[in-house]
$ cat data13.cif   # mmCIF, C-alpha atoms
data_start
#
loop_
_atom_site.group_PDB
_atom_site.id
_atom_site.type_symbol
_atom_site.label_atom_id
_atom_site.label_comp_id
_atom_site.auth_asym_id
_atom_site.auth_seq_id
_atom_site.Cartn_x
_atom_site.Cartn_y
_atom_site.Cartn_z
ATOM 1 C CA PHE A 1 -4.700 -305.591 65.721
ATOM 2 C CA THR A 2 -7.636 -307.762 66.597
ATOM 3 C CA VAL A 3 -10.135 -309.161 64.102
ATOM 4 C CA THR A 4 -13.508 -310.227 65.427
ATOM 5 C CA TYR A 5 -15.660 -312.570 63.419
ATOM 6 C CA ASN A 6 -19.410 -312.801 63.972
ATOM 7 C CA ILE A 7 -20.259 -316.259 62.739
ATOM 8 C CA TYR A 8 -23.969 -316.696 61.990
ATOM 9 C CA THR A 9 -25.392 -320.007 63.014
ATOM 10 C CA ALA A 10 -28.784 -320.861 61.554
ATOM 11 C CA PRO A 11 -31.299 -321.966 64.175
ATOM 12 C CA VAL A 12 -31.851 -325.691 64.286
ATOM 13 C CA ALA A 13 -35.374 -326.525 63.100
ATOM 14 C CA LYS A 14 -37.456 -328.239 65.745
ATOM 15 C CA HIS A 15 -38.328 -331.826 64.989
ATOM 16 C CA LYS A 16 -42.114 -331.928 64.706
ATOM 17 C CA VAL A 17 -44.476 -334.756 65.514
ATOM 18 C CA PHE A 18 -47.948 -335.004 63.990
ATOM 19 C CA GLY A 19 -50.786 -337.350 64.815
ATOM 20 C CA VAL A 20 -53.493 -338.632 62.484
ATOM 21 C CA SER A 21 -56.641 -340.646 63.231
ATOM 22 C CA TYR A 22 -58.775 -341.941 60.363
ATOM 23 C CA MET A 23 -62.236 -343.413 60.842
ATOM 24 C CA THR A 24 -60.797 -346.712 59.609
ATOM 25 C CA MET A 25 -57.775 -347.990 57.754
ATOM 26 C CA ASN A 26 -59.933 -350.773 56.301
ATOM 27 C CA ASN A 27 -60.359 -348.666 53.183
ATOM 28 C CA PRO A 28 -57.682 -348.120 50.490
ATOM 29 C CA PHE A 29 -58.765 -344.466 50.183
ATOM 30 C CA TYR A 30 -57.434 -343.597 53.642
ATOM 31 C CA LYS A 31 -54.220 -345.539 53.075
ATOM 32 C CA ILE A 32 -53.558 -343.377 50.009
ATOM 33 C CA ILE A 33 -54.253 -340.169 51.946
ATOM 34 C CA ASN A 34 -51.970 -341.315 54.765
ATOM 35 C CA ASN A 35 -49.139 -342.122 52.364
ATOM 36 C CA GLU A 36 -49.364 -338.666 50.792
ATOM 37 C CA ILE A 37 -49.292 -336.921 54.192
ATOM 38 C CA LEU A 38 -46.412 -339.149 55.281
ATOM 39 C CA LYS A 39 -44.359 -338.183 52.192
ATOM 40 C CA VAL A 40 -44.537 -334.492 53.096
ATOM 41 C CA VAL A 41 -43.929 -335.042 56.804
ATOM 42 C CA GLU A 42 -40.877 -337.243 56.235
ATOM 43 C CA LYS A 43 -39.530 -334.866 53.587
ATOM 44 C CA ASN A 44 -39.232 -332.327 56.407
ATOM 45 C CA ASN A 45 -37.595 -334.926 58.686
ATOM 46 C CA ASP A 46 -40.640 -334.942 60.941
ATOM 47 C CA THR A 47 -42.695 -337.816 62.357
ATOM 48 C CA LEU A 48 -46.265 -338.930 61.670
ATOM 49 C CA ILE A 49 -48.115 -341.171 64.146
ATOM 50 C CA THR A 50 -50.995 -342.946 62.376
ATOM 51 C CA LEU A 51 -53.781 -344.517 64.460
ATOM 52 C CA ASP A 52 -56.831 -346.533 63.452
ATOM 53 C CA PRO A 53 -59.933 -346.276 65.708
ATOM 54 C CA GLU A 54 -61.722 -348.950 63.655
ATOM 55 C CA LEU A 55 -64.977 -346.965 63.366
ATOM 56 C CA ASP A 56 -65.217 -346.594 67.166
ATOM 57 C CA VAL A 57 -65.881 -342.937 67.998
ATOM 58 C CA ASP A 58 -64.928 -343.388 71.666
ATOM 59 C CA LYS A 59 -61.631 -344.907 70.597
ATOM 60 C CA GLN A 60 -61.010 -342.017 68.179
ATOM 61 C CA ASN A 61 -61.654 -339.476 70.939
ATOM 62 C CA GLU A 62 -59.193 -341.353 73.184
ATOM 63 C CA GLN A 63 -56.602 -341.182 70.401
ATOM 64 C CA ILE A 64 -57.043 -337.415 70.107
ATOM 65 C CA TYR A 65 -56.633 -336.992 73.877
ATOM 66 C CA LYS A 66 -53.495 -339.142 73.644
ATOM 67 C CA PHE A 67 -52.078 -336.842 70.949
ATOM 68 C CA ILE A 68 -52.846 -333.843 73.194
ATOM 69 C CA ASP A 69 -51.045 -335.483 76.141
ATOM 70 C CA GLN A 70 -48.047 -336.128 73.851
ATOM 71 C CA LYS A 71 -48.065 -332.412 72.923
ATOM 72 C CA VAL A 72 -47.910 -333.132 69.196
ATOM 73 C CA ASP A 73 -47.423 -330.210 66.817
ATOM 74 C CA GLY A 74 -50.601 -330.883 64.832
ATOM 75 C CA ILE A 75 -53.440 -333.365 64.490
ATOM 76 C CA PHE A 76 -55.091 -334.628 61.302
ATOM 77 C CA ILE A 77 -58.533 -336.155 61.847
ATOM 78 C CA ASN A 78 -60.938 -338.012 59.594
ATOM 79 C CA PRO A 79 -63.920 -337.924 61.978
ATOM 80 C CA ILE A 80 -66.122 -340.956 62.551
ATOM 81 C CA ASP A 81 -68.981 -338.948 64.042
ATOM 82 C CA PHE A 82 -69.170 -335.253 63.162
ATOM 83 C CA GLU A 83 -70.881 -334.325 66.461
ATOM 84 C CA GLN A 84 -69.494 -336.720 69.093
ATOM 85 C CA ILE A 85 -65.947 -335.640 68.299
ATOM 86 C CA GLU A 86 -66.537 -332.080 69.610
ATOM 87 C CA PRO A 87 -65.234 -332.523 73.207
ATOM 88 C CA ALA A 88 -61.900 -333.812 71.910
ATOM 89 C CA LEU A 89 -61.677 -330.929 69.429
ATOM 90 C CA GLN A 90 -62.367 -328.448 72.226
ATOM 91 C CA ALA A 91 -59.541 -330.003 74.253
ATOM 92 C CA ALA A 92 -57.133 -329.690 71.317
ATOM 93 C CA LYS A 93 -58.092 -326.050 70.855
ATOM 94 C CA ARG A 94 -57.478 -325.316 74.551
ATOM 95 C CA ALA A 95 -54.045 -326.933 74.146
ATOM 96 C CA ASN A 96 -53.336 -324.696 71.103
ATOM 97 C CA ILE A 97 -52.714 -327.701 68.879
ATOM 98 C CA PRO A 98 -53.704 -327.100 65.233
ATOM 99 C CA VAL A 99 -56.322 -329.518 63.902
ATOM 100 C CA ILE A 100 -56.884 -330.313 60.216
ATOM 101 C CA ILE A 101 -60.055 -332.192 59.279
ATOM 102 C CA ILE A 102 -59.865 -334.558 56.304
ATOM 103 C CA ASP A 103 -62.633 -335.796 53.989
ATOM 104 C CA ALA A 104 -65.586 -335.545 56.434
ATOM 105 C CA PRO A 105 -66.448 -332.170 58.024
ATOM 106 C CA VAL A 106 -67.359 -331.615 61.669
ATOM 107 C CA SER A 107 -70.455 -329.836 62.964
ATOM 108 C CA ASP A 108 -68.557 -326.845 64.450
ATOM 109 C CA GLU A 109 -65.746 -325.759 62.150
ATOM 110 C CA SER A 110 -64.714 -322.978 64.560
ATOM 111 C CA LEU A 111 -63.032 -325.716 66.609
ATOM 112 C CA VAL A 112 -60.572 -326.610 63.820
ATOM 113 C CA ASN A 113 -57.953 -324.748 61.812
ATOM 114 C CA CYS A 114 -58.692 -326.214 58.401
ATOM 115 C CA THR A 115 -61.157 -328.564 56.708
ATOM 116 C CA ILE A 116 -60.250 -330.317 53.460
ATOM 117 C CA VAL A 117 -63.217 -332.088 51.876
ATOM 118 C CA SER A 118 -64.799 -332.838 48.544
ATOM 119 C CA ASP A 119 -68.224 -331.420 47.725
ATOM 120 C CA ASN A 120 -69.959 -334.622 48.734
ATOM 121 C CA TYR A 121 -73.487 -333.335 48.166
ATOM 122 C CA GLN A 122 -72.523 -332.423 44.602
ATOM 123 C CA ALA A 123 -70.939 -335.857 44.119
ATOM 124 C CA GLY A 124 -74.217 -337.527 45.086
ATOM 125 C CA ALA A 125 -76.180 -335.227 42.814
ATOM 126 C CA ASP A 126 -73.805 -336.031 39.948
ATOM 127 C CA CYS A 127 -74.391 -339.761 40.546
ATOM 128 C CA ALA A 128 -78.159 -339.242 40.298
ATOM 129 C CA ARG A 129 -77.903 -337.260 37.073
ATOM 130 C CA HIS A 130 -75.494 -339.806 35.577
ATOM 131 C CA LEU A 131 -77.907 -342.598 36.475
ATOM 132 C CA ALA A 132 -80.853 -340.774 34.914
ATOM 133 C CA ALA A 133 -78.855 -340.147 31.729
ATOM 134 C CA HIS A 134 -78.024 -343.845 31.309
ATOM 135 C CA THR A 135 -81.044 -345.695 32.725
ATOM 136 C CA GLY A 136 -84.742 -345.226 32.052
ATOM 137 C CA GLY A 137 -85.862 -345.825 35.632
ATOM 138 C CA GLY A 138 -86.099 -348.482 38.326
ATOM 139 C CA ASN A 139 -86.191 -349.373 41.990
ATOM 140 C CA ILE A 140 -83.231 -348.120 44.022
ATOM 141 C CA VAL A 141 -81.758 -349.307 47.320
ATOM 142 C CA LEU A 142 -79.208 -347.282 49.294
ATOM 143 C CA LEU A 143 -76.136 -348.416 51.229
ATOM 144 C CA GLU A 144 -75.341 -345.711 53.782
ATOM 145 C CA HIS A 145 -73.028 -344.550 56.542
ATOM 146 C CA THR A 146 -75.210 -342.330 58.692
ATOM 147 C CA GLU A 147 -72.548 -341.230 61.218
ATOM 148 C CA ALA A 148 -70.077 -339.683 58.754
ATOM 149 C CA LYS A 149 -71.194 -336.315 57.404
ATOM 150 C CA SER A 150 -69.410 -336.829 54.091
ATOM 151 C CA ALA A 151 -71.409 -340.020 53.512
ATOM 152 C CA VAL A 152 -74.647 -338.410 54.691
ATOM 153 C CA ASP A 153 -74.149 -335.492 52.286
ATOM 154 C CA ARG A 154 -73.341 -337.816 49.392
ATOM 155 C CA ILE A 155 -76.513 -339.872 49.838
ATOM 156 C CA ARG A 156 -78.608 -336.736 50.426
ATOM 157 C CA GLY A 157 -77.287 -335.192 47.198
ATOM 158 C CA PHE A 158 -78.354 -338.344 45.393
ATOM 159 C CA THR A 159 -81.819 -338.634 46.976
ATOM 160 C CA ASP A 160 -82.622 -334.932 46.569
ATOM 161 C CA THR A 161 -81.660 -334.989 42.890
ATOM 162 C CA ILE A 162 -83.293 -338.288 41.924
ATOM 163 C CA LEU A 163 -86.669 -336.854 43.029
ATOM 164 C CA ALA A 164 -86.680 -334.890 39.783
ATOM 165 C CA TYR A 165 -86.943 -338.177 37.861
ATOM 166 C CA PRO A 166 -90.309 -339.845 38.665
ATOM 167 C CA SER A 167 -89.378 -343.114 36.942
ATOM 168 C CA PHE A 168 -86.963 -343.879 39.815
ATOM 169 C CA HIS A 169 -88.122 -345.066 43.243
ATOM 170 C CA ILE A 170 -86.085 -345.535 46.421
ATOM 171 C CA ILE A 171 -87.537 -348.666 48.014
ATOM 172 C CA ASP A 172 -85.072 -349.515 50.802
ATOM 173 C CA ARG A 173 -81.912 -348.372 52.583
ATOM 174 C CA ALA A 174 -79.401 -350.016 54.922
ATOM 175 C CA GLU A 175 -76.514 -348.989 57.163
ATOM 176 C CA CYS A 176 -73.107 -350.430 56.258
ATOM 177 C CA LYS A 177 -70.603 -347.852 57.608
ATOM 178 C CA GLY A 178 -68.935 -347.892 54.194
ATOM 179 C CA GLN A 179 -67.413 -351.323 54.921
ATOM 180 C CA LEU A 180 -67.397 -354.224 52.460
ATOM 181 C CA GLU A 181 -67.934 -356.846 55.162
ATOM 182 C CA LEU A 182 -71.007 -354.954 56.451
ATOM 183 C CA ALA A 183 -72.362 -353.976 53.033
ATOM 184 C CA MET A 184 -72.515 -357.566 51.817
ATOM 185 C CA PRO A 185 -74.918 -358.883 54.521
ATOM 186 C CA ALA A 186 -76.891 -355.613 54.401
ATOM 187 C CA MET A 187 -77.386 -356.119 50.677
ATOM 188 C CA GLU A 188 -78.362 -359.747 51.221
ATOM 189 C CA LYS A 189 -81.081 -358.683 53.676
ATOM 190 C CA MET A 190 -82.463 -356.121 51.222
ATOM 191 C CA LEU A 191 -82.489 -358.739 48.475
ATOM 192 C CA ALA A 192 -84.472 -361.063 50.741
ATOM 193 C CA LYS A 193 -87.035 -358.325 51.489
ATOM 194 C CA ASN A 194 -87.422 -356.853 48.007
ATOM 195 C CA GLN A 195 -88.375 -358.858 44.942
ATOM 196 C CA GLN A 196 -87.376 -356.248 42.402
ATOM 197 C CA ILE A 197 -84.171 -354.235 42.906
ATOM 198 C CA ASP A 198 -82.757 -352.569 39.812
ATOM 199 C CA ILE A 199 -80.149 -350.148 41.165
ATOM 200 C CA VAL A 200 -77.830 -349.932 44.176
ATOM 201 C CA MET A 201 -76.528 -346.528 45.263
ATOM 202 C CA ALA A 202 -73.502 -347.188 47.475
ATOM 203 C CA LEU A 203 -71.831 -344.402 49.424
ATOM 204 C CA ASN A 204 -68.285 -345.545 48.558
ATOM 205 C CA ASP A 205 -66.229 -348.201 46.768
ATOM 206 C CA PRO A 206 -66.051 -350.788 49.597
ATOM 207 C CA ALA A 207 -69.846 -350.615 50.020
ATOM 208 C CA ALA A 208 -70.271 -351.114 46.278
ATOM 209 C CA LEU A 209 -67.923 -354.116 46.320
ATOM 210 C CA GLY A 210 -69.931 -355.621 49.181
ATOM 211 C CA ALA A 211 -73.132 -355.147 47.204
ATOM 212 C CA MET A 212 -71.573 -356.752 44.124
ATOM 213 C CA ALA A 213 -70.477 -359.767 46.180
ATOM 214 C CA ALA A 214 -74.000 -360.222 47.529
ATOM 215 C CA LEU A 215 -75.500 -359.899 44.039
ATOM 216 C CA LYS A 216 -73.011 -362.426 42.653
ATOM 217 C CA ASN A 217 -73.942 -364.920 45.385
ATOM 218 C CA ALA A 218 -77.644 -364.388 44.624
#
$ encode --input "data13.cif" --output "structure tokens"
Amino acid sequence: FTVTYNIYTAPVAKHKVFGVSYMTMNNPFYKIINNEILKVVEKNNDTLITLDPELDVDKQNEQIYKFIDQKVDGIFINPIDFEQIEPALQAAKRANIPVIIIDAPVSDESLVNCTIVSDNYQAGADCARHLAAHTGGGNIVLLEHTEAKSAVDRIRGFTDTILAYPSFHIIDRAECKGQLELAMPAMEKMLAKNQQIDIVMALNDPAALGAMAALKNA
């Protein structure tokens, strides 16, 4: 007699390649995020390509087009400019490559598969209320990043909420792109212009460290 065996062979999982472009790697926050993504990707024996556009939106768009040309399986993006990134997102959608947005939303979320962000407006509002609970009033200067929607929302949450406390006054604001090396000279210029600054509202930790360095030097 003849015995026939049907041996089941499990399909071999496809090795996946993912691309990620942060607005900058000159910030420990994004290094932490990248390490956490990398842990999961490598756990599945897949590959993560991490690129740094160094706050250059044209360079970030080029990186996204490069990922599309490489036919990656998915793209993670921390957008520098929430509007200027749209053409690259449209190209990724036409190529049927999933896009996940990290930390800073884009203007048209229909172009992406998923957006993972904090409630940045609420964070700014919480900062204003915390300030009011611990300080009687004073003159405030702002260190901003006006191209990143997360930073814009954070500062707007603060400025909208602090209006409820008439003892506080916003007297100046400066662009620093959330970078320590830009925040320090921006703070120095505001110190030179304004005789009485009591409070600095910085959009993130590097901006705050830049402000502290400028204040220490002064």
$ residues_around --input "data13.cif" --residues "range 161-178 of chain A" --least-positions-apart "6" --cutoff "8 Å" --atoms "only C-alpha atoms" --output "ChimeraX atom specification"
/A:125,128-129,132,136-147,186-187,190,203-207
$ axis_aligned_box --input "data13.cif" --around "range 40-59 of chain A" --padding-each-side "3 Å" --output "AutoDock Vina command-line options"
--center_x -51.7 --center_y -340.6 --center_z 62.4 --size_x 34.3 --size_y 22.6 --size_z 24.6
$ resolve_selection --input "data13.cif" --expression "the PyMOL selection byres ((chain A and resi 89) around 10)" --output "compact mmCIF listing (two decimals) with C-alpha atoms, keeping the file's coordinate frame"
# COMPACT_ATOMS: atom_id res chain seq x y z
CA ASN A 61 -61.65 -339.48 70.94
CA ILE A 64 -57.04 -337.42 70.11
CA TYR A 65 -56.63 -336.99 73.88
CA ILE A 75 -53.44 -333.36 64.49
CA ILE A 77 -58.53 -336.16 61.85
CA GLN A 84 -69.49 -336.72 69.09
CA ILE A 85 -65.95 -335.64 68.30
CA GLU A 86 -66.54 -332.08 69.61
CA PRO A 87 -65.23 -332.52 73.21
CA ALA A 88 -61.90 -333.81 71.91
CA GLN A 90 -62.37 -328.45 72.23
CA ALA A 91 -59.54 -330.00 74.25
CA ALA A 92 -57.13 -329.69 71.32
CA LYS A 93 -58.09 -326.05 70.86
CA ARG A 94 -57.48 -325.32 74.55
CA ALA A 95 -54.04 -326.93 74.15
CA ILE A 97 -52.71 -327.70 68.88
CA PRO A 98 -53.70 -327.10 65.23
CA VAL A 99 -56.32 -329.52 63.90
CA VAL A 106 -67.36 -331.62 61.67
CA ASP A 108 -68.56 -326.85 64.45
CA GLU A 109 -65.75 -325.76 62.15
CA SER A 110 -64.71 -322.98 64.56
CA LEU A 111 -63.03 -325.72 66.61
CA VAL A 112 -60.57 -326.61 63.82
$ residues_around --input "data13.cif" --residues "Pro105 in chain A" --least-positions-apart "4" --cutoff "7 Å" --atoms "all atoms listed in the file" --output "list in words"
Phe82, Ile101, Thr115, Val117, Lys149 and Ser150 of chain A
$ atom_distance --input "data13.cif" --atom1 "CA of Val17 in chain A" --atom2 "CA of Asp46 in chain A"
6.0 Å
$ residues_around --input "data13.cif" --residues "Ile102 in chain A" --least-positions-apart "5" --cutoff "10 Å" --atoms "all atoms listed in the file" --output "PDB file with C-alpha atoms, in the frame of the given file"
ATOM      1  CA  VAL A  20     -53.493-338.632  62.484  1.00  0.00           C
ATOM      2  CA  SER A  21     -56.641-340.646  63.231  1.00  0.00           C
ATOM      3  CA  TYR A  22     -58.775-341.941  60.363  1.00  0.00           C
ATOM      4  CA  TYR A  30     -57.434-343.597  53.642  1.00  0.00           C
ATOM      5  CA  ILE A  33     -54.253-340.169  51.946  1.00  0.00           C
ATOM      6  CA  PHE A  76     -55.091-334.628  61.302  1.00  0.00           C
ATOM      7  CA  ILE A  77     -58.533-336.155  61.847  1.00  0.00           C
ATOM      8  CA  ASN A  78     -60.938-338.012  59.594  1.00  0.00           C
ATOM      9  CA  PRO A  79     -63.920-337.924  61.978  1.00  0.00           C
ATOM     10  CA  CYS A 114     -58.692-326.214  58.401  1.00  0.00           C
ATOM     11  CA  THR A 115     -61.157-328.564  56.708  1.00  0.00           C
ATOM     12  CA  ILE A 116     -60.250-330.317  53.460  1.00  0.00           C
ATOM     13  CA  VAL A 117     -63.217-332.088  51.876  1.00  0.00           C
ATOM     14  CA  SER A 118     -64.799-332.838  48.544  1.00  0.00           C
TER      15      SER A 118
END
$ residues_near_point --input "data13.cif" --point "(-42.5, -334.1, 63.7)" --cutoff "12 Å" --atoms "only C-alpha atoms" --output "list in words"
Ala13, Lys14, His15, Lys16, Val17, Phe18, Gly19, Val20, Leu38, Val40, Val41, Glu42, Lys43, Asn44, Asn45, Asp46, Thr47, Leu48, Ile49, Gln70, Lys71, Val72, Asp73, Gly74 and Ile75 of chain A
$ residues_near_point --input "data13.cif" --point "(-72.4, -362.1, 44.4)" --cutoff "12 Å" --atoms "all atoms listed in the file" --output "CSV table (one decimal) with C-alpha atoms, keeping the file's coordinate frame"
chain,number,residue,atom,x,y,z
A,183,ALA,CA,-72.4,-354.0,53.0
A,184,MET,CA,-72.5,-357.6,51.8
A,185,PRO,CA,-74.9,-358.9,54.5
A,187,MET,CA,-77.4,-356.1,50.7
A,188,GLU,CA,-78.4,-359.7,51.2
A,191,LEU,CA,-82.5,-358.7,48.5
A,208,ALA,CA,-70.3,-351.1,46.3
A,209,LEU,CA,-67.9,-354.1,46.3
A,210,GLY,CA,-69.9,-355.6,49.2
A,211,ALA,CA,-73.1,-355.1,47.2
A,212,MET,CA,-71.6,-356.8,44.1
A,213,ALA,CA,-70.5,-359.8,46.2
A,214,ALA,CA,-74.0,-360.2,47.5
A,215,LEU,CA,-75.5,-359.9,44.0
A,216,LYS,CA,-73.0,-362.4,42.7
A,217,ASN,CA,-73.9,-364.9,45.4
A,218,ALA,CA,-77.6,-364.4,44.6
$ build_atoms --input "data13.cif" --residues "range 172-197 of chain A" --atoms "N, CA and C atoms" --output "PDB file, in the coordinates of the input"
ATOM      1  N   ASP A 172     -85.648-349.011  49.559  1.00  0.00           N
ATOM      2  CA  ASP A 172     -85.072-349.515  50.802  1.00  0.00           C
ATOM      3  C   ASP A 172     -83.714-348.870  51.015  1.00  0.00           C
ATOM      4  N   ARG A 173     -83.227-348.925  52.251  1.00  0.00           N
ATOM      5  CA  ARG A 173     -81.912-348.372  52.583  1.00  0.00           C
ATOM      6  C   ARG A 173     -81.358-349.138  53.772  1.00  0.00           C
ATOM      7  N   ALA A 174     -80.032-349.251  53.854  1.00  0.00           N
ATOM      8  CA  ALA A 174     -79.401-350.016  54.922  1.00  0.00           C
ATOM      9  C   ALA A 174     -78.082-349.375  55.332  1.00  0.00           C
ATOM     10  N   GLU A 175     -77.775-349.488  56.604  1.00  0.00           N
ATOM     11  CA  GLU A 175     -76.514-348.989  57.163  1.00  0.00           C
ATOM     12  C   GLU A 175     -75.409-350.011  56.914  1.00  0.00           C
ATOM     13  N   CYS A 176     -74.237-349.508  56.457  1.00  0.00           N
ATOM     14  CA  CYS A 176     -73.107-350.430  56.258  1.00  0.00           C
ATOM     15  C   CYS A 176     -71.789-349.814  56.686  1.00  0.00           C
ATOM     16  N   LYS A 177     -71.807-348.564  57.161  1.00  0.00           N
ATOM     17  CA  LYS A 177     -70.603-347.852  57.608  1.00  0.00           C
ATOM     18  C   LYS A 177     -69.509-347.785  56.536  1.00  0.00           C
ATOM     19  N   GLY A 178     -69.905-347.966  55.276  1.00  0.00           N
ATOM     20  CA  GLY A 178     -68.935-347.892  54.194  1.00  0.00           C
ATOM     21  C   GLY A 178     -67.953-349.038  54.173  1.00  0.00           C
ATOM     22  N   GLN A 179     -68.313-350.173  54.806  1.00  0.00           N
ATOM     23  CA  GLN A 179     -67.413-351.323  54.921  1.00  0.00           C
ATOM     24  C   GLN A 179     -67.925-352.492  54.089  1.00  0.00           C
ATOM     25  N   LEU A 180     -67.030-353.103  53.330  1.00  0.00           N
ATOM     26  CA  LEU A 180     -67.397-354.224  52.460  1.00  0.00           C
ATOM     27  C   LEU A 180     -68.048-355.351  53.254  1.00  0.00           C
ATOM     28  N   GLU A 181     -67.436-355.699  54.398  1.00  0.00           N
ATOM     29  CA  GLU A 181     -67.934-356.846  55.162  1.00  0.00           C
ATOM     30  C   GLU A 181     -69.284-356.574  55.817  1.00  0.00           C
ATOM     31  N   LEU A 182     -69.678-355.299  55.946  1.00  0.00           N
ATOM     32  CA  LEU A 182     -71.007-354.954  56.451  1.00  0.00           C
ATOM     33  C   LEU A 182     -71.993-354.736  55.300  1.00  0.00           C
ATOM     34  N   ALA A 183     -71.491-354.234  54.181  1.00  0.00           N
ATOM     35  CA  ALA A 183     -72.362-353.976  53.033  1.00  0.00           C
ATOM     36  C   ALA A 183     -72.898-355.268  52.430  1.00  0.00           C
ATOM     37  N   MET A 184     -72.085-356.301  52.430  1.00  0.00           N
ATOM     38  CA  MET A 184     -72.515-357.566  51.817  1.00  0.00           C
ATOM     39  C   MET A 184     -73.736-358.162  52.533  1.00  0.00           C
ATOM     40  N   PRO A 185     -73.711-358.362  53.866  1.00  0.00           N
ATOM     41  CA  PRO A 185     -74.918-358.883  54.521  1.00  0.00           C
ATOM     42  C   PRO A 185     -76.091-357.907  54.489  1.00  0.00           C
ATOM     43  N   ALA A 186     -75.806-356.600  54.503  1.00  0.00           N
ATOM     44  CA  ALA A 186     -76.891-355.613  54.401  1.00  0.00           C
ATOM     45  C   ALA A 186     -77.596-355.730  53.055  1.00  0.00           C
ATOM     46  N   MET A 187     -76.807-355.951  52.001  1.00  0.00           N
ATOM     47  CA  MET A 187     -77.386-356.119  50.677  1.00  0.00           C
ATOM     48  C   MET A 187     -78.168-357.421  50.594  1.00  0.00           C
ATOM     49  N   GLU A 188     -77.661-358.458  51.223  1.00  0.00           N
ATOM     50  CA  GLU A 188     -78.362-359.747  51.221  1.00  0.00           C
ATOM     51  C   GLU A 188     -79.735-359.633  51.892  1.00  0.00           C
ATOM     52  N   LYS A 189     -79.797-358.876  52.989  1.00  0.00           N
ATOM     53  CA  LYS A 189     -81.081-358.683  53.676  1.00  0.00           C
ATOM     54  C   LYS A 189     -82.060-357.904  52.804  1.00  0.00           C
ATOM     55  N   MET A 190     -81.570-356.894  52.097  1.00  0.00           N
ATOM     56  CA  MET A 190     -82.463-356.121  51.222  1.00  0.00           C
ATOM     57  C   MET A 190     -82.938-356.971  50.052  1.00  0.00           C
ATOM     58  N   LEU A 191     -82.074-357.840  49.553  1.00  0.00           N
ATOM     59  CA  LEU A 191     -82.489-358.739  48.475  1.00  0.00           C
ATOM     60  C   LEU A 191     -83.580-359.704  48.945  1.00  0.00           C
ATOM     61  N   ALA A 192     -83.468-360.141  50.203  1.00  0.00           N
ATOM     62  CA  ALA A 192     -84.472-361.063  50.741  1.00  0.00           C
ATOM     63  C   ALA A 192     -85.821-360.377  50.935  1.00  0.00           C
ATOM     64  N   LYS A 193     -85.796-359.064  51.232  1.00  0.00           N
ATOM     65  CA  LYS A 193     -87.035-358.325  51.489  1.00  0.00           C
ATOM     66  C   LYS A 193     -87.695-357.822  50.222  1.00  0.00           C
ATOM     67  N   ASN A 194     -86.909-357.537  49.196  1.00  0.00           N
ATOM     68  CA  ASN A 194     -87.422-356.853  48.007  1.00  0.00           C
ATOM     69  C   ASN A 194     -87.261-357.730  46.771  1.00  0.00           C
ATOM     70  N   GLN A 195     -88.379-357.972  46.099  1.00  0.00           N
ATOM     71  CA  GLN A 195     -88.375-358.858  44.942  1.00  0.00           C
ATOM     72  C   GLN A 195     -87.738-358.217  43.713  1.00  0.00           C
ATOM     73  N   GLN A 196     -87.851-356.903  43.610  1.00  0.00           N
ATOM     74  CA  GLN A 196     -87.376-356.248  42.402  1.00  0.00           C
ATOM     75  C   GLN A 196     -86.477-355.069  42.747  1.00  0.00           C
ATOM     76  N   ILE A 197     -85.161-355.298  42.737  1.00  0.00           N
ATOM     77  CA  ILE A 197     -84.171-354.235  42.906  1.00  0.00           C
ATOM     78  C   ILE A 197     -83.437-354.067  41.587  1.00  0.00           C
TER      79      ILE A 197
END
